[in-house]
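Containing mmCIF, C-alpha atoms and all ligand atoms: structure-v3.cif.
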data_work
loop_
_atom_site.label_atom_id
_atom_site.label_comp_id
_atom_site.auth_asym_id
_atom_site.auth_seq_id
_atom_site.Cartn_x
_atom_site.Cartn_y
_atom_site.Cartn_z
CA MET A 1 51.00 26.16 -16.85
CA LEU A 2 51.28 29.50 -15.07
CA LYS A 3 51.31 31.28 -18.42
CA ASP A 4 48.17 29.42 -19.49
CA LEU A 5 46.49 30.42 -16.24
CA ILE A 6 47.46 34.10 -16.53
CA ARG A 7 46.18 34.20 -20.12
CA CYS A 8 42.67 33.51 -18.82
CA PRO A 9 41.39 36.93 -17.66
CA SER A 10 39.59 35.40 -14.69
CA VAL A 11 38.63 38.55 -12.80
CA THR A 12 36.23 37.47 -10.03
CA PRO A 13 33.89 35.70 -10.65
CA ARG A 14 34.64 35.24 -14.38
CA ASN A 15 36.08 31.80 -14.97
CA ALA A 16 37.36 32.58 -18.51
CA GLY A 17 38.48 28.96 -18.95
CA VAL A 18 40.95 29.06 -16.07
CA LEU A 19 39.58 26.00 -14.26
CA ASP A 20 39.71 24.06 -17.56
CA VAL A 21 43.48 24.65 -17.56
CA VAL A 22 43.80 23.15 -14.07
CA GLU A 23 41.49 20.26 -14.88
CA ALA A 24 43.32 19.45 -18.13
CA PHE A 25 46.56 19.25 -16.15
CA LEU A 26 45.20 17.05 -13.34
CA VAL A 27 43.08 14.50 -15.24
CA PRO A 28 46.06 12.77 -16.94
CA LEU A 29 47.67 12.49 -13.49
CA GLY A 30 44.77 10.34 -12.32
CA PHE A 31 42.66 12.97 -10.56
CA ALA A 32 38.89 12.71 -10.49
CA CYS A 33 37.65 16.26 -11.10
CA THR A 34 34.25 17.62 -10.13
CA ARG A 35 33.11 21.07 -11.17
CA LEU A 36 30.83 22.65 -8.61
CA VAL A 37 28.82 25.73 -9.45
CA PHE A 38 27.36 27.27 -6.33
CA GLU A 39 25.03 30.23 -6.25
CA GLY A 40 22.60 32.09 -4.01
CA ASP A 41 22.96 33.59 -0.53
CA SER A 42 22.79 37.08 -2.07
CA SER A 43 25.85 36.52 -4.25
CA TYR A 44 26.69 35.69 -7.87
CA PRO A 45 27.20 32.10 -9.18
CA VAL A 46 30.74 30.76 -8.92
CA ASP A 47 32.48 27.88 -10.69
CA ASN A 48 34.73 25.77 -8.44
CA LEU A 49 36.89 22.69 -8.89
CA PHE A 50 37.29 19.72 -6.55
CA ALA A 51 39.98 17.23 -7.63
CA ILE A 52 40.94 14.07 -5.77
CA ARG A 53 43.47 11.29 -6.30
CA GLY A 54 43.73 8.25 -4.02
CA THR A 55 41.35 6.80 -1.45
CA SER A 56 43.54 5.54 1.39
CA GLY A 57 46.39 6.69 3.60
CA ARG A 58 46.95 10.23 4.77
CA HIS A 59 44.99 12.89 2.92
CA LEU A 60 46.54 16.22 1.94
CA LEU A 61 44.36 19.09 0.78
CA PHE A 62 45.68 21.94 -1.31
CA GLY A 63 43.59 25.12 -1.30
CA GLY A 64 43.81 27.92 -3.81
CA HIS A 65 42.02 30.37 -6.04
CA THR A 66 42.27 31.17 -9.73
CA ASP A 67 40.30 34.42 -9.69
CA VAL A 68 42.20 37.68 -9.73
CA VAL A 69 41.51 41.32 -8.92
CA PRO A 70 40.95 43.69 -11.88
CA PRO A 71 44.10 44.97 -13.63
CA GLY A 72 43.10 48.64 -13.42
CA ASN A 73 44.30 50.81 -16.28
CA GLU A 74 46.10 48.41 -18.64
CA GLN A 75 48.10 51.32 -20.08
CA HIS A 76 49.99 51.56 -16.81
CA TRP A 77 51.39 48.02 -17.15
CA SER A 78 54.89 47.46 -18.61
CA HIS A 79 53.58 44.15 -19.99
CA PRO A 80 49.89 43.54 -20.73
CA PRO A 81 48.23 42.06 -17.62
CA PHE A 82 46.90 38.94 -19.35
CA ALA A 83 49.77 38.26 -21.79
CA ALA A 84 52.02 36.30 -19.37
CA ASP A 85 55.18 37.73 -20.93
CA GLU A 86 58.46 36.28 -19.75
CA ALA A 87 61.10 38.99 -19.50
CA GLU A 88 63.93 40.08 -17.19
CA GLY A 89 63.69 36.87 -15.20
CA PHE A 90 60.00 37.35 -14.37
CA ILE A 91 56.63 36.18 -15.61
CA TRP A 92 54.39 39.22 -15.75
CA GLY A 93 50.66 39.44 -15.31
CA ARG A 94 47.67 39.73 -13.02
CA GLY A 95 47.65 36.71 -10.72
CA ALA A 96 51.37 35.99 -11.21
CA VAL A 97 51.73 36.21 -7.43
CA ASP A 98 48.19 36.11 -6.07
CA MET A 99 47.88 33.26 -6.65
CA LYS A 100 48.03 31.48 -9.96
CA SER A 101 51.68 30.68 -9.18
CA GLY A 102 50.70 28.83 -6.03
CA VAL A 103 48.27 26.71 -8.03
CA ALA A 104 50.78 26.04 -10.82
CA CYS A 105 53.62 25.16 -8.42
CA PHE A 106 51.43 22.80 -6.43
CA CYS A 107 50.22 21.08 -9.62
CA ALA A 108 53.83 20.72 -10.80
CA ALA A 109 54.82 19.21 -7.44
CA VAL A 110 51.93 16.76 -7.62
CA ALA A 111 53.02 15.73 -11.14
CA GLU A 112 56.47 14.99 -9.69
CA ALA A 113 54.96 12.95 -6.86
CA VAL A 114 52.84 10.96 -9.31
CA LYS A 115 55.88 10.24 -11.47
CA SER A 116 58.00 9.11 -8.53
CA GLY A 117 55.21 6.98 -7.05
CA GLU A 118 55.11 9.01 -3.80
CA ALA A 119 51.57 10.13 -4.55
CA ASP A 120 50.35 6.52 -4.47
CA LYS A 121 51.08 6.32 -0.73
CA GLY A 122 48.10 8.49 0.17
CA ALA A 123 45.40 10.82 -1.10
CA ILE A 124 45.72 14.32 -2.54
CA SER A 125 42.86 16.75 -3.09
CA LEU A 126 42.67 20.25 -4.49
CA VAL A 127 39.95 22.79 -3.81
CA ILE A 128 40.24 25.60 -6.32
CA THR A 129 37.73 28.41 -6.21
CA ASN A 130 37.17 31.35 -8.48
CA ASP A 131 35.79 33.60 -5.76
CA GLU A 132 38.40 34.41 -3.16
CA GLU A 133 39.06 38.03 -4.08
CA ALA A 134 35.44 39.16 -3.73
CA ASP A 135 32.48 37.76 -1.73
CA ALA A 136 33.91 34.26 -1.00
CA ILE A 137 30.34 33.14 -0.41
CA ASN A 138 29.93 30.54 -3.18
CA GLY A 139 33.51 29.30 -3.14
CA THR A 140 35.77 27.39 -0.75
CA ALA A 141 33.31 27.30 2.16
CA LYS A 142 30.63 25.57 0.10
CA VAL A 143 33.06 23.22 -1.69
CA LEU A 144 34.38 22.01 1.67
CA LYS A 145 30.89 21.50 3.02
CA TRP A 146 30.07 19.48 -0.08
CA ALA A 147 33.30 17.45 0.23
CA ALA A 148 32.52 16.66 3.87
CA GLU A 149 29.06 15.46 2.84
CA GLN A 150 30.76 13.15 0.29
CA GLY A 151 32.71 11.65 3.19
CA HIS A 152 36.11 13.22 2.43
CA ARG A 153 38.30 13.82 5.49
CA PHE A 154 41.57 15.72 5.32
CA ASP A 155 44.61 15.38 7.58
CA PHE A 156 46.37 18.60 6.65
CA SER A 157 46.03 21.48 4.24
CA ILE A 158 48.34 23.88 2.48
CA VAL A 159 46.98 27.08 1.00
CA GLY A 160 49.29 28.50 -1.66
CA GLU A 161 48.65 32.19 -0.96
CA PRO A 162 51.69 34.48 -0.95
CA SER A 163 52.77 34.15 2.67
CA SER A 164 56.42 35.21 2.59
CA ALA A 165 57.34 38.70 3.76
CA GLU A 166 60.70 39.72 2.25
CA VAL A 167 62.25 36.58 0.74
CA LEU A 168 60.74 33.25 -0.21
CA GLY A 169 60.36 31.04 2.84
CA ASP A 170 60.85 33.64 5.56
CA SER A 171 57.34 33.18 6.86
CA MET A 172 54.37 30.83 6.78
CA LYS A 173 50.95 31.67 8.13
CA ILE A 174 49.63 29.27 10.71
CA GLY A 175 46.68 31.45 11.58
CA ARG A 176 44.82 34.59 10.76
CA ARG A 177 43.06 37.20 12.75
CA GLY A 178 39.31 37.43 12.46
CA SER A 179 37.52 40.45 11.06
CA ILE A 180 34.20 42.17 11.72
CA SER A 181 32.91 45.45 10.32
CA GLY A 182 30.03 47.50 11.61
CA LYS A 183 28.08 50.67 11.05
CA ILE A 184 26.48 52.73 13.82
CA THR A 185 23.68 55.14 13.04
CA VAL A 186 22.92 57.94 15.51
CA ARG A 187 19.57 59.65 14.98
CA GLY A 188 18.94 63.02 16.59
CA LYS A 189 16.74 65.93 15.57
CA GLN A 190 17.61 68.51 12.93
CA GLY A 191 17.66 72.14 13.92
CA HIS A 192 19.20 75.63 13.85
CA SER A 193 22.56 75.85 15.59
CA ALA A 194 21.39 79.07 17.29
CA TYR A 195 18.53 77.15 18.92
CA PRO A 196 20.18 73.96 20.17
CA GLU A 197 17.42 73.42 22.74
CA ARG A 198 15.05 72.64 19.87
CA ALA A 199 17.38 70.07 18.28
CA ILE A 200 19.23 66.89 19.24
CA ASN A 201 22.78 66.87 17.88
CA PRO A 202 24.09 63.42 16.89
CA VAL A 203 27.67 64.63 16.27
CA PRO A 204 29.00 64.74 19.89
CA VAL A 205 27.48 61.29 20.39
CA LEU A 206 29.31 60.01 17.29
CA ALA A 207 32.52 61.53 18.64
CA ALA A 208 31.99 59.87 22.03
CA LEU A 209 31.31 56.54 20.31
CA ALA A 210 34.47 56.85 18.23
CA SER A 211 36.48 57.68 21.30
CA ASN A 212 35.06 54.86 23.43
CA LEU A 213 35.36 52.24 20.68
CA SER A 214 38.89 53.01 19.64
CA GLY A 215 40.07 53.98 23.13
CA THR A 216 39.13 50.74 24.90
CA PRO A 217 41.72 47.96 24.40
CA LEU A 218 40.20 44.63 23.37
CA ASP A 219 43.00 42.50 24.81
CA GLU A 220 46.76 42.38 25.13
CA GLY A 221 47.32 39.68 22.53
CA SER A 222 47.36 35.91 22.87
CA GLY A 223 49.93 33.16 22.36
CA GLU A 224 50.33 33.38 18.59
CA PHE A 225 48.71 36.76 18.00
CA GLY A 226 49.24 40.40 18.67
CA ALA A 227 46.55 42.51 20.35
CA SER A 228 43.16 42.79 18.69
CA ASN A 229 42.48 46.19 17.21
CA LEU A 230 39.54 48.39 16.28
CA GLU A 231 39.82 51.17 13.73
CA VAL A 232 37.08 53.76 13.22
CA THR A 233 37.13 54.06 9.43
CA SER A 234 34.52 56.76 8.84
CA ILE A 235 32.31 59.32 10.53
CA ASP A 236 29.71 60.69 8.18
CA VAL A 237 27.15 63.39 8.74
CA GLY A 238 26.67 64.62 5.20
CA ASN A 239 26.05 68.15 6.38
CA GLY A 240 27.38 71.06 4.34
CA ALA A 241 25.91 73.87 6.44
CA SER A 242 27.71 75.08 9.55
CA ASN A 243 24.54 76.58 11.06
CA VAL A 244 22.46 73.42 10.81
CA ILE A 245 22.43 70.65 13.37
CA ALA A 246 22.25 67.46 11.34
CA ALA A 247 19.45 64.98 11.91
CA GLU A 248 21.67 61.93 11.88
CA GLY A 249 25.13 60.58 11.28
CA THR A 250 26.91 57.30 10.89
CA LEU A 251 30.16 55.79 12.05
CA MET A 252 31.92 52.80 10.50
CA PHE A 253 34.56 50.60 12.08
CA ASN A 254 36.52 47.42 11.48
CA ILE A 255 37.98 45.10 14.12
CA ARG A 256 40.80 42.61 13.50
CA PHE A 257 40.63 40.20 16.38
CA ASN A 258 42.72 37.31 17.69
CA ASP A 259 41.72 33.84 18.87
CA LYS A 260 40.47 35.12 22.22
CA TRP A 261 37.27 36.12 20.43
CA ASP A 262 34.52 34.42 18.49
CA PRO A 263 31.70 36.03 16.47
CA HIS A 264 29.41 36.03 19.50
CA SER A 265 31.82 37.51 22.05
CA ILE A 266 33.11 40.16 19.67
CA ARG A 267 29.56 41.33 18.96
CA GLN A 268 28.91 41.43 22.68
CA TRP A 269 32.01 43.60 23.19
CA ILE A 270 30.78 46.05 20.52
CA GLU A 271 27.34 46.26 22.13
CA ASN A 272 28.85 46.88 25.56
CA ARG A 273 31.04 49.71 24.28
CA ILE A 274 28.09 51.35 22.52
CA GLY A 275 25.96 50.91 25.66
CA GLU A 276 28.52 52.82 27.75
CA VAL A 277 28.06 56.01 25.74
CA ASP A 278 25.48 58.56 26.88
CA SER A 279 22.98 58.88 24.01
CA HIS A 280 21.91 62.44 25.01
CA GLY A 281 18.44 61.75 23.67
CA THR A 282 19.56 60.33 20.32
CA ASP A 283 18.67 56.91 19.01
CA ILE A 284 21.73 54.69 18.55
CA ALA A 285 21.59 51.55 16.40
CA TRP A 286 24.34 49.39 14.97
CA GLU A 287 24.45 46.81 12.21
CA GLN A 288 27.08 44.41 11.07
CA ILE A 289 28.51 44.88 7.56
CA ALA A 290 29.12 41.53 5.78
CA ALA A 291 29.90 38.28 7.57
CA VAL A 292 32.33 37.86 10.46
CA ALA A 293 35.59 36.20 9.44
CA ARG A 294 36.58 33.90 12.28
CA SER A 295 40.06 33.89 13.69
CA PHE A 296 41.94 30.60 13.58
CA VAL A 297 45.30 29.14 14.50
CA SER A 298 46.67 25.71 13.60
CA PRO A 299 48.51 24.09 16.48
CA VAL A 300 52.16 23.37 15.80
CA SER A 301 52.31 19.76 14.63
CA GLU A 302 54.55 17.24 12.93
CA ASP A 303 53.06 18.25 9.56
CA ILE A 304 53.87 21.91 10.14
CA GLU A 305 57.41 20.86 11.08
CA THR A 306 57.61 18.78 7.88
CA LEU A 307 56.64 21.82 5.85
CA ARG A 308 59.09 23.98 7.76
CA ASP A 309 61.85 21.45 7.06
CA ALA A 310 60.96 21.49 3.35
CA VAL A 311 61.21 25.29 3.25
CA ARG A 312 64.52 25.16 5.11
CA ALA A 313 65.93 22.46 2.80
CA VAL A 314 65.12 24.46 -0.35
CA THR A 315 65.73 28.07 0.73
CA GLY A 316 68.13 27.70 3.66
CA ILE A 317 65.77 29.84 5.73
CA SER A 318 63.73 28.81 8.73
CA PRO A 319 60.28 30.32 8.30
CA GLU A 320 58.65 32.34 11.02
CA MET A 321 55.19 31.13 12.07
CA ALA A 322 53.10 34.20 11.43
CA THR A 323 49.51 35.26 11.96
CA PHE A 324 49.53 38.82 10.58
CA GLY A 325 47.78 40.16 7.50
CA GLY A 326 44.25 40.04 6.15
CA THR A 327 41.86 37.13 5.89
CA SER A 328 41.99 34.33 3.33
CA ASP A 329 40.04 31.21 2.43
CA ALA A 330 42.23 29.29 4.90
CA ARG A 331 39.70 30.33 7.54
CA PHE A 332 37.10 28.05 5.91
CA ILE A 333 39.52 25.12 5.68
CA ALA A 334 40.45 25.58 9.36
CA GLU A 335 37.00 24.30 10.28
CA TYR A 336 37.89 20.89 8.79
CA CYS A 337 41.63 20.33 9.33
CA PRO A 338 44.87 22.09 10.34
CA VAL A 339 45.87 24.55 7.61
CA VAL A 340 48.99 26.53 6.79
CA GLU A 341 49.53 29.19 4.15
CA CYS A 342 52.86 28.72 2.44
CA GLY A 343 53.75 30.54 -0.75
CA LEU A 344 55.56 33.34 -2.52
CA VAL A 345 56.57 36.83 -1.50
CA GLY A 346 53.52 39.02 -1.97
CA THR A 347 55.12 42.38 -2.75
CA THR A 348 53.48 43.00 -6.14
CA MET A 349 50.11 41.38 -5.50
CA HIS A 350 47.09 43.48 -6.52
CA GLN A 351 49.53 46.02 -8.04
CA VAL A 352 50.27 47.22 -11.54
CA ASP A 353 53.12 45.10 -13.01
CA GLU A 354 52.37 42.11 -10.77
CA ARG A 355 55.13 39.61 -11.56
CA VAL A 356 56.92 36.58 -10.23
CA GLU A 357 60.58 35.61 -10.49
CA THR A 358 60.80 32.41 -12.51
CA GLU A 359 63.43 31.19 -10.08
CA GLN A 360 60.95 31.54 -7.22
CA LEU A 361 58.50 29.36 -9.12
CA GLN A 362 61.10 26.60 -9.28
CA GLN A 363 61.84 27.00 -5.59
CA LEU A 364 58.23 26.94 -4.48
CA THR A 365 57.66 23.83 -6.60
CA LYS A 366 60.63 22.21 -4.88
CA ILE A 367 59.23 23.09 -1.44
CA TYR A 368 55.89 21.47 -2.24
CA THR A 369 57.62 18.45 -3.84
CA GLN A 370 59.80 17.95 -0.79
CA PHE A 371 56.80 18.25 1.49
CA LEU A 372 54.78 15.69 -0.48
CA ARG A 373 57.69 13.25 -0.23
CA ASN A 374 57.78 13.48 3.57
CA PHE A 375 54.08 13.98 4.31
CA PHE A 376 53.11 10.48 3.22
ZN ZN A 401 44.99 35.39 -2.93
#
Would you kindly transcribe this structure into structure tokens?
Amino acid sequence: MLKDLIRCPSVTPRNAGVLDVVEAFLVPLGFACTRLVFEGDSSYPVDNLFAIRGTSGRHLLFGGHTDVVPPGNEQHWSHPPFAADEAEGFIWGRGAVDMKSGVACFCAAVAEAVKSGEADKGAISLVITNDEEADAINGTAKVLKWAAEQGHRFDFSIVGEPSSAEVLGDSMKIGRRGSISGKITVRGKQGHSAYPERAINPVPVLAALASNLSGTPLDEGSGEFGASNLEVTSIDVGNGASNVIAAEGTLMFNIRFNDKWDPHSIRQWIENRIGEVDSHGTDIAWEQIAAVARSFVSPVSEDIETLRDAVRAVTGISPEMATFGGTSDARFIAEYCPVVECGLVGTTMHQVDERVETEQLQQLTKIYTQFLRNFF
């Protein structure tokens, strides 16, 4: 199944038949599949899949994506990125790790659970989007909203993103930091550097902003998270002449924040820091770039312990409960039920020669199978 998935060049948001592969696998197992194309909100249309089996008992949701990032220069790959070659103990190709493997392993585990009868003890759903790697506007968030409107309630969710650090099973993600990006524009007045009294220089103000933003700690961390952090990522004046005072400049920043903050309070913090800086006659304005990704953390529960036990039983390792790394679609699922990311080692994701050890595929399938057995 993984090979079939990799052979669909489903670079976001191109579906390239990839969801048909998943659907064709799930329908014979008794899943009702609904294809949901969402569009609008200033983004491109995206094809998504909602699959459900069972109507009573505990309800497990699996979350994943079948879209992949572009392969880059295909000449640089040892094996073509969409050929799914099996060689040297690996399956090679774009999405082999992030995260067509997660989808394939979960489907294989579900097939096991259907065969053994375990799946009949409860309900299993899958939300598979083809827009995780780019905007994530017409994907998981909208599918979940739709599912809630249909009356579906989930008890627990696993997202199959690569979550392990060094070896399979060494870490699971029970939360993620939030993220917000912003751009500050400082408008002054252009002029000759020999006549500064006739100009208003935005550059020292930009420097003061950079210093105040990155020099003020946001917090000292919280229970599950390290300290929130702001990075100034660019200061731009676009001025090539050393004897001209530029009219305006911009500064960009990104904050990764923990669960002490929400979109409102983090915006307030930004505004306060900007307000502390002397404008020296310039006009300072800031705007947010893209949406805020909320921070979330799933409280340690019996289900998380069950998953931890499954990882331990298969790999012999007790996974660390981690919250580091970037954002993922788990943040959308967190609004509906507890969610954990549990999957492969992510070393080669988004890289040339992305590949997965076939043995790891078997192991991850076993972890999911074991979990399904105990979850119900
Ligand atoms: Zn991913």
Environment of ligand ZN 401 (chain A) within 10 Å, counting all atoms listed in the file, reported as an mmCIF file with C-alpha atoms, in the coordinates of the input:
data_model
loop_
_atom_site.group_PDB
_atom_site.id
_atom_site.type_symbol
_atom_site.label_atom_id
_atom_site.label_comp_id
_atom_site.auth_asym_id
_atom_site.auth_seq_id
_atom_site.Cartn_x
_atom_site.Cartn_y
_atom_site.Cartn_z
ATOM 1 C CA GLY A 64 43.810 27.920 -3.810
ATOM 2 C CA HIS A 65 42.020 30.370 -6.040
ATOM 3 C CA THR A 66 42.270 31.170 -9.730
ATOM 4 C CA ASP A 67 40.300 34.420 -9.690
ATOM 5 C CA VAL A 68 42.200 37.680 -9.730
ATOM 6 C CA VAL A 69 41.510 41.320 -8.920
ATOM 7 C CA GLY A 95 47.650 36.710 -10.720
ATOM 8 C CA VAL A 97 51.730 36.210 -7.430
ATOM 9 C CA ASP A 98 48.190 36.110 -6.070
ATOM 10 C CA MET A 99 47.880 33.260 -6.650
ATOM 11 C CA LYS A 100 48.030 31.480 -9.960
ATOM 12 C CA GLY A 102 50.700 28.830 -6.030
ATOM 13 C CA ASP A 131 35.790 33.600 -5.760
ATOM 14 C CA GLU A 132 38.400 34.410 -3.160
ATOM 15 C CA GLU A 133 39.060 38.030 -4.080
ATOM 16 C CA VAL A 159 46.980 27.080 1.000
ATOM 17 C CA GLY A 160 49.290 28.500 -1.660
ATOM 18 C CA GLU A 161 48.650 32.190 -0.960
ATOM 19 C CA PRO A 162 51.690 34.480 -0.950
ATOM 20 C CA SER A 163 52.770 34.150 2.670
ATOM 21 C CA THR A 327 41.860 37.130 5.890
ATOM 22 C CA SER A 328 41.990 34.330 3.330
ATOM 23 C CA ASP A 329 40.040 31.210 2.430
ATOM 24 C CA GLY A 346 53.520 39.020 -1.970
ATOM 25 C CA MET A 349 50.110 41.380 -5.500
ATOM 26 C CA HIS A 350 47.090 43.480 -6.520
#
Out of A:Ile270, A:Arg355, A:Gly188, A:Ala194, which residue has the shortest atom-to-atom distance to Pro217 (chain A) when counting only C-alpha atoms? A:Ile270
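Neighbouring residues of region 300-306 of chain A at 10 Å or closer, counting all atoms listed in the file and skipping chain neighbours under 2 positions away, are Asp155, Phe156, Ser157, Ile158, Met172, Ile174, Val297, Ser298, Arg308, Asp309, Ala310, Val311, Arg312, Met321, Pro338, Val339, Val340, Gln370, Phe371, Leu372, Arg373, Asn374 and Phe375 of chain A.
Here CA of Val143 (chain A) is placed at a distance of 23.3 Å from CA of Ala111 (chain A).
Look at Asn272 (chain A): the protein and nucleic acid residues within 12 Å of it, using only C-alpha atoms and passing over chain neighbours fewer than 5 places away, are Leu209, Asn212, Leu213, Thr216, Leu218, Ser265, Ile266, Arg267, Val277 and Trp286 of chain A.
Ranking A:Ile180, A:Ala208, A:Ala123, A:Ala293 by their shortest atom-to-atom distance to Ile255 (chain A), with only C-alpha atoms included, puts A:Ile180 first.
Picture a line from CA of Glu357 (chain A) to CA of Asp135 (chain A); it runs 29.5 Å.
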Can you list, as a PyMOL selection string, every protein, DNA or RNA residue that comes within 8 Å of Arg7 (chain A) when you count only C-alpha atoms, leaving out same-chain residues fewer than 5 positions away? chain A and resi 82-84
For Asn138 (chain A), which of A:Glu320, A:Glu341, A:Asp47, A:Glu248 is the closest residue, counting all atoms listed in the file? A:Asp47
Which residues, protein or nucleic acid, reach to within 8 Å of (51.1, 31.8, 18.3) in the file's coordinates when using only C-alpha atoms, and can you give that as a PyMOL selection string? chain A and resi 222-225+297+321-323
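The residue that comes closest to Ala96 (chain A), out of A:Ser211, A:Thr358, A:Asn254, A:Ser78 and on the basis of only C-alpha atoms, is A:Thr358.
Minimum distance to Val203 (chain A) across A:Gly182, A:Thr315, A:Thr282, A:Gln268 (counting only C-alpha atoms) occurs at A:Thr282.
If you measure from each of A:Ser179, A:Thr348, A:Asn130, A:Ser42 to Val11 (chain A) using all atoms listed in the file, the closest one turns out to be A:Asn130.
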How close does region 113-223 of chain A get to region 24-29 of chain A? List, as a tab-separated table, each residue of region 113-223 of chain A within 12 Å, its nearest atom pair and the distance in Å to one decimal, counting only C-alpha atoms.
residue	atom	partner	partner_atom	distance
A:Ala113	CA	A:Leu29	CA	9.9
A:Val114	CA	A:Leu29	CA	6.8
A:Lys115	CA	A:Leu29	CA	8.7
A:Ser116	CA	A:Leu29	CA	11.9
A:Gly117	CA	A:Leu29	CA	11.3
A:Ala119	CA	A:Leu29	CA	10.0
A:Asp120	CA	A:Leu29	CA	11.1
A:Ile124	CA	A:Leu26	CA	11.2
A:Ser125	CA	A:Leu26	CA	10.5
A:Leu126	CA	A:Leu26	CA	9.7
Around (38.0, 21.0, 1.9), as given in the file, which residues come within 10 Å? Count all atoms listed in the file and list them as JSON, numbers by chain. {"A": [50, 60, 61, 62, 63, 125, 126, 127, 128, 140, 141, 142, 143, 144, 145, 146, 147, 148, 152, 153, 154, 156, 157, 330, 332, 333, 334, 335, 336, 337]}
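Of note, CA of Ser101 (chain A) and CA of Ser171 (chain A) are spaced 17.2 Å apart.
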Where's the centre, and what are the edge lengths in Å to one decimal, of a box along x, y and z enclosing all listed atoms of region 134-139 of chain A padded 5 Å per side, as JSON?
{"center_x": 32.7, "center_y": 34.2, "center_z": -2.1, "size_x": 15.5, "size_y": 19.9, "size_z": 13.3}
Your completed region 13-26 of chain A with N, CA and C atoms, as a PDB file, keeping the file's coordinate frame:
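Output contents, as saved in part.pdb:
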ATOM      1  N   PRO A  13      33.892  37.168 -10.741  1.00  0.00           N
ATOM      2  CA  PRO A  13      33.890  35.700 -10.650  1.00  0.00           C
ATOM      3  C   PRO A  13      34.055  35.037 -12.019  1.00  0.00           C
ATOM      4  N   ARG A  14      34.529  35.791 -13.020  1.00  0.00           N
ATOM      5  CA  ARG A  14      34.640  35.240 -14.380  1.00  0.00           C
ATOM      6  C   ARG A  14      35.644  34.095 -14.404  1.00  0.00           C
ATOM      7  N   ASN A  15      35.225  32.971 -14.923  1.00  0.00           N
ATOM      8  CA  ASN A  15      36.080  31.800 -14.970  1.00  0.00           C
ATOM      9  C   ASN A  15      37.051  31.897 -16.151  1.00  0.00           C
ATOM     10  N   ALA A  16      36.537  32.344 -17.304  1.00  0.00           N
ATOM     11  CA  ALA A  16      37.360  32.580 -18.510  1.00  0.00           C
ATOM     12  C   ALA A  16      38.238  31.377 -18.872  1.00  0.00           C
ATOM     13  N   GLY A  17      37.772  30.181 -18.553  1.00  0.00           N
ATOM     14  CA  GLY A  17      38.480  28.960 -18.950  1.00  0.00           C
ATOM     15  C   GLY A  17      39.605  28.559 -18.011  1.00  0.00           C
ATOM     16  N   VAL A  18      39.782  29.299 -16.931  1.00  0.00           N
ATOM     17  CA  VAL A  18      40.950  29.060 -16.070  1.00  0.00           C
ATOM     18  C   VAL A  18      40.891  27.706 -15.353  1.00  0.00           C
ATOM     19  N   LEU A  19      39.682  27.298 -14.954  1.00  0.00           N
ATOM     20  CA  LEU A  19      39.580  26.000 -14.260  1.00  0.00           C
ATOM     21  C   LEU A  19      39.763  24.845 -15.241  1.00  0.00           C
ATOM     22  N   ASP A  20      39.466  25.099 -16.534  1.00  0.00           N
ATOM     23  CA  ASP A  20      39.710  24.060 -17.560  1.00  0.00           C
ATOM     24  C   ASP A  20      41.210  23.776 -17.654  1.00  0.00           C
ATOM     25  N   VAL A  21      42.023  24.817 -17.489  1.00  0.00           N
ATOM     26  CA  VAL A  21      43.480  24.650 -17.560  1.00  0.00           C
ATOM     27  C   VAL A  21      43.942  23.719 -16.427  1.00  0.00           C
ATOM     28  N   VAL A  22      43.414  23.978 -15.223  1.00  0.00           N
ATOM     29  CA  VAL A  22      43.800  23.150 -14.070  1.00  0.00           C
ATOM     30  C   VAL A  22      43.329  21.710 -14.273  1.00  0.00           C
ATOM     31  N   GLU A  23      42.075  21.592 -14.691  1.00  0.00           N
ATOM     32  CA  GLU A  23      41.490  20.260 -14.880  1.00  0.00           C
ATOM     33  C   GLU A  23      42.266  19.466 -15.941  1.00  0.00           C
ATOM     34  N   ALA A  24      42.595  20.123 -17.051  1.00  0.00           N
ATOM     35  CA  ALA A  24      43.320  19.450 -18.130  1.00  0.00           C
ATOM     36  C   ALA A  24      44.694  18.958 -17.666  1.00  0.00           C
ATOM     37  N   PHE A  25      45.264  19.647 -16.690  1.00  0.00           N
ATOM     38  CA  PHE A  25      46.560  19.250 -16.150  1.00  0.00           C
ATOM     39  C   PHE A  25      46.420  18.047 -15.208  1.00  0.00           C
ATOM     40  N   LEU A  26      45.339  18.056 -14.405  1.00  0.00           N
ATOM     41  CA  LEU A  26      45.200  17.050 -13.340  1.00  0.00           C
ATOM     42  C   LEU A  26      44.635  15.719 -13.811  1.00  0.00           C
TER      43      LEU A  26
END
